[in-house]
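Here the structure comes first, spelled out in structure tokens, and everything after it is commentary.
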Amino acid sequence: MEELKDFFGNLFATDLWPARWHCGTWSDFHGWLYITSDLLIWAAYFAIPLIILIYLHSRKKKLRFYTAYYWFAAFILACGFTHLIDAAMFWLPMYRFNGLVRLATALISWLTVYHLIKMLPIAFAQKTSAELEEDVKLRELANSEMEQFNYILSHDLQEPLRKIQMLSILLKDADTTEEEKRAYIAKLEHTTLRMSHLIKDVLDYSRIRDKVEAWKEVNLNEVMVQVMEDLESLIAGKKAKITYDTLPSIKGIHYQISQVFYNLLSNSIKYNQQIPEIEIHHKTVYSEDHKPFIEITITDNGIGFEQKYKETIFDPFKRLHSKSEYEGTGIGLALVKKIVESHNGKVFAEGHPNKGSVFTLLFPVASAENEAKLH
């Protein structure tokens, strides 16, 4: 107890030890190097917590681990204070006060360690900026898929429903022969089956977590047959002529690829003031890094568009004509772009008013075998 009283009673005493200049042999260079270094360290250790505190004041309502920042600032400030006292010891040998400051620094250091350990599990659970960006991308993708899903329900399912309605009217017609009725019933059965498959595909698609794992070989010839069946009424009504090469296969999701061709072909037929003539061709092209791609061109003789719209035409809900002129929601081409890009491909559009359009699709070659087929 007496020792403690003596310690604190002479806490700032300087007559019990010589100043550091007189301890040992110090040259001017060596001594001032030591003092300058300590002062520079102290200045930095003073500036760092000051910056932290200014930052805390401006962001206090938005930061987590608010208390830990304060402890960290206190730890740095205490460490800096020990260097300031070390520099002062060359003139003021307050070794007792120096020891007390070091004890306080040690305690603050371990309290900081305690708070850091305490917050570590929560901190490690926090997502990095890269992970947050990935979450944003996934959220945008989910929103895009929801938009696509809603479009499918409101638009694509209408086609088989219209066909069913038309066939029902024809079946009720008194002038319909028995042979025609049997043909209509067969088409009705086929259409309802197709609609059932369509609904199943949509539901399956909505449940897919990792789209890449669901990729399979997609035969584009089968896609064309299916799409032309879906558009049978529209093709017949406009007397459209569609010719296409024997197409290759690509890697992807069958239903999505069908959506691409469905939207492009239906647009080529609808946006046309004459008998629609559509040609589909393909060839192999190579990227700048020599990777092979399947290039598919869909050329029509429709109303076309001005070249200044070749980029914005793929924007959601972008319409180049009023609803009174042509039906549509303005989202079909946006979905085409989304699907093609999700398959690591690209889509381009070229057109001229009243001279038709050319849509170019680029898909990565599915395999070496597939590439050989293209040649």
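We label chains A, B, ... in the order they appear in the structure tokens, count residues from 1 in each chain, and number ligands from 1 in the order shown.
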### Neighbour list for Asp245 in chain A as a PyMOL selection string, cut-off 10 Å, only C-alpha atoms, skip fewer than 6 positions in-chain
chain A and resi 221+279-283+296
Kindly save the residues from that selection, with N, CA and C atoms included, as a JSON list (two decimals), in the first residue's frame.
[["chain", "number", "residue", "atom", "x", "y", "z"],
["A", 221, "ASN", "N", -34.09, -27.65, -85.30],
["A", 221, "ASN", "CA", -35.12, -28.09, -86.25],
["A", 221, "ASN", "C", -36.41, -28.46, -85.52],
["A", 279, "GLU", "N", -36.89, -16.01, -94.20],
["A", 279, "GLU", "CA", -35.83, -16.97, -94.50],
["A", 279, "GLU", "C", -34.89, -17.08, -93.30],
["A", 280, "ILE", "N", -34.53, -18.31, -92.97],
["A", 280, "ILE", "CA", -33.63, -18.55, -91.84],
["A", 280, "ILE", "C", -32.42, -19.33, -92.34],
["A", 281, "HIS", "N", -31.25, -18.76, -92.13],
["A", 281, "HIS", "CA", -30.00, -19.41, -92.56],
["A", 281, "HIS", "C", -29.02, -19.45, -91.40],
["A", 282, "HIS", "N", -28.01, -20.30, -91.52],
["A", 282, "HIS", "CA", -27.00, -20.37, -90.47],
["A", 282, "HIS", "C", -25.63, -20.64, -91.07],
["A", 283, "LYS", "N", -24.60, -20.29, -90.31],
["A", 283, "LYS", "CA", -23.22, -20.59, -90.68],
["A", 283, "LYS", "C", -22.36, -20.50, -89.42],
["A", 296, "ILE", "N", -27.13, -17.44, -86.73],
["A", 296, "ILE", "CA", -28.43, -17.69, -87.36],
["A", 296, "ILE", "C", -29.04, -16.35, -87.75]]
### Query
For Ser37 in chain A, which of A:His83, A:Val260, A:Tyr271, A:Ile199 is the closest residue, counting only C-alpha atoms?
A:His83
### Query
Which residue, A:Ala68, A:Ala47, A:Leu11, A:Ala87, has the smallest gap to Gly31 in chain A when you use only C-alpha atoms?
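Nearest candidate to Gly31 in chain A out of A:Ala68, A:Ala47, A:Leu11, A:Ala87: A:Ala87.
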### Message
Quick check, in Å to one decimal: how far apart do CA of Ser249 in chain A and CA of Asn344 in chain A lie?
### Response
14.9 Å
### Task
Excluding Ile108 in chain A and residues on its chain fewer than 6 positions from it, collect all residues at most 8 Å away from it, counting only C-alpha atoms, and give them as a list of chain:residue names.
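Using only C-alpha atoms, the neighbours found are A:Trp71, A:Ala74, A:Phe75, A:Ala78.
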### Query
range 167-261 of chain A: which residues are strand (DSSP E) by DSSP, as a list in words?
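Everything in range 167-261 of chain A that counts as strand (DSSP E) is Lys216, Glu217, Val218, Asn219, Lys241, Ile242, Thr243, Tyr244, Ser249, Ile250, Lys251 and Gly252 of chain A.
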Kindly save the residues from that selection, with N, CA and C atoms included, as an mmCIF file, in the first residue's frame.
data_model
loop_
_atom_site.group_PDB
_atom_site.id
_atom_site.type_symbol
_atom_site.label_atom_id
_atom_site.label_comp_id
_atom_site.auth_asym_id
_atom_site.auth_seq_id
_atom_site.Cartn_x
_atom_site.Cartn_y
_atom_site.Cartn_z
ATOM 1 N N LYS A 216 -29.248 -28.542 -72.029
ATOM 2 C CA LYS A 216 -29.144 -29.794 -72.780
ATOM 3 C C LYS A 216 -28.963 -29.447 -74.254
ATOM 4 N N GLU A 217 -28.745 -30.479 -75.061
ATOM 5 C CA GLU A 217 -28.691 -30.268 -76.507
ATOM 6 C C GLU A 217 -30.088 -29.894 -76.993
ATOM 7 N N VAL A 218 -30.183 -28.769 -77.680
ATOM 8 C CA VAL A 218 -31.469 -28.302 -78.216
ATOM 9 C C VAL A 218 -31.396 -28.366 -79.732
ATOM 10 N N ASN A 219 -32.200 -29.233 -80.316
ATOM 11 C CA ASN A 219 -32.252 -29.362 -81.770
ATOM 12 C C ASN A 219 -33.114 -28.231 -82.331
ATOM 13 N N LYS A 241 -44.862 -17.359 -95.702
ATOM 14 C CA LYS A 241 -43.965 -18.376 -96.250
ATOM 15 C C LYS A 241 -42.674 -18.359 -95.427
ATOM 16 N N ILE A 242 -42.373 -19.491 -94.812
ATOM 17 C CA ILE A 242 -41.178 -19.579 -93.965
ATOM 18 C C ILE A 242 -40.281 -20.692 -94.496
ATOM 19 N N THR A 243 -39.065 -20.358 -94.852
ATOM 20 C CA THR A 243 -38.089 -21.356 -95.307
ATOM 21 C C THR A 243 -36.873 -21.287 -94.392
ATOM 22 N N TYR A 244 -36.295 -22.456 -94.125
ATOM 23 C CA TYR A 244 -35.115 -22.466 -93.260
ATOM 24 C C TYR A 244 -34.198 -23.626 -93.590
ATOM 25 N N SER A 249 -27.732 -28.090 -83.620
ATOM 26 C CA SER A 249 -28.157 -28.095 -82.220
ATOM 27 C C SER A 249 -27.276 -27.125 -81.440
ATOM 28 N N ILE A 250 -27.820 -26.608 -80.357
ATOM 29 C CA ILE A 250 -27.043 -25.742 -79.471
ATOM 30 C C ILE A 250 -27.264 -26.195 -78.032
ATOM 31 N N LYS A 251 -26.422 -25.736 -77.137
ATOM 32 C CA LYS A 251 -26.593 -26.033 -75.715
ATOM 33 C C LYS A 251 -27.494 -24.985 -75.090
ATOM 34 N N GLY A 252 -28.490 -25.429 -74.342
ATOM 35 C CA GLY A 252 -29.352 -24.454 -73.688
ATOM 36 C C GLY A 252 -30.599 -25.080 -73.105
#
### d(CA of Ile41 in chain A, CA of Phe90 in chain A) in Å
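Interatomic distance here is 16.3 Å.
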### Task
One decimal, Å: what's the distance from CA of Tyr309 in chain A over to CA of Val347 in chain A, could you say?
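Atom-to-atom, CA of Tyr309 in chain A to CA of Val347 in chain A, that is 14.1 Å.
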### Query
Excluding same-chain residues fewer than 4 positions from Asn354 in chain A, what lies within 12 Å of it counting only C-alpha atoms, as a VMD selection string?
chain A and resid 271 to 274 300 to 306
Selected residues written out, C-alpha atoms, as a CSV table (one decimal), in the first residue's frame:
chain,number,residue,atom,x,y,z
A,271,TYR,CA,-45.3,-6.5,-88.5
A,272,ASN,CA,-45.9,-6.9,-92.2
A,273,GLN,CA,-48.1,-5.2,-94.8
A,274,GLN,CA,-47.7,-7.9,-97.4
A,300,ASP,CA,-38.1,-10.9,-93.4
A,301,ASN,CA,-39.9,-8.5,-95.8
A,302,GLY,CA,-41.8,-6.7,-93.1
A,303,ILE,CA,-42.2,-3.1,-92.2
A,304,GLY,CA,-38.6,-2.8,-90.9
A,305,PHE,CA,-37.4,0.0,-88.8
A,306,GLU,CA,-34.9,2.9,-88.9
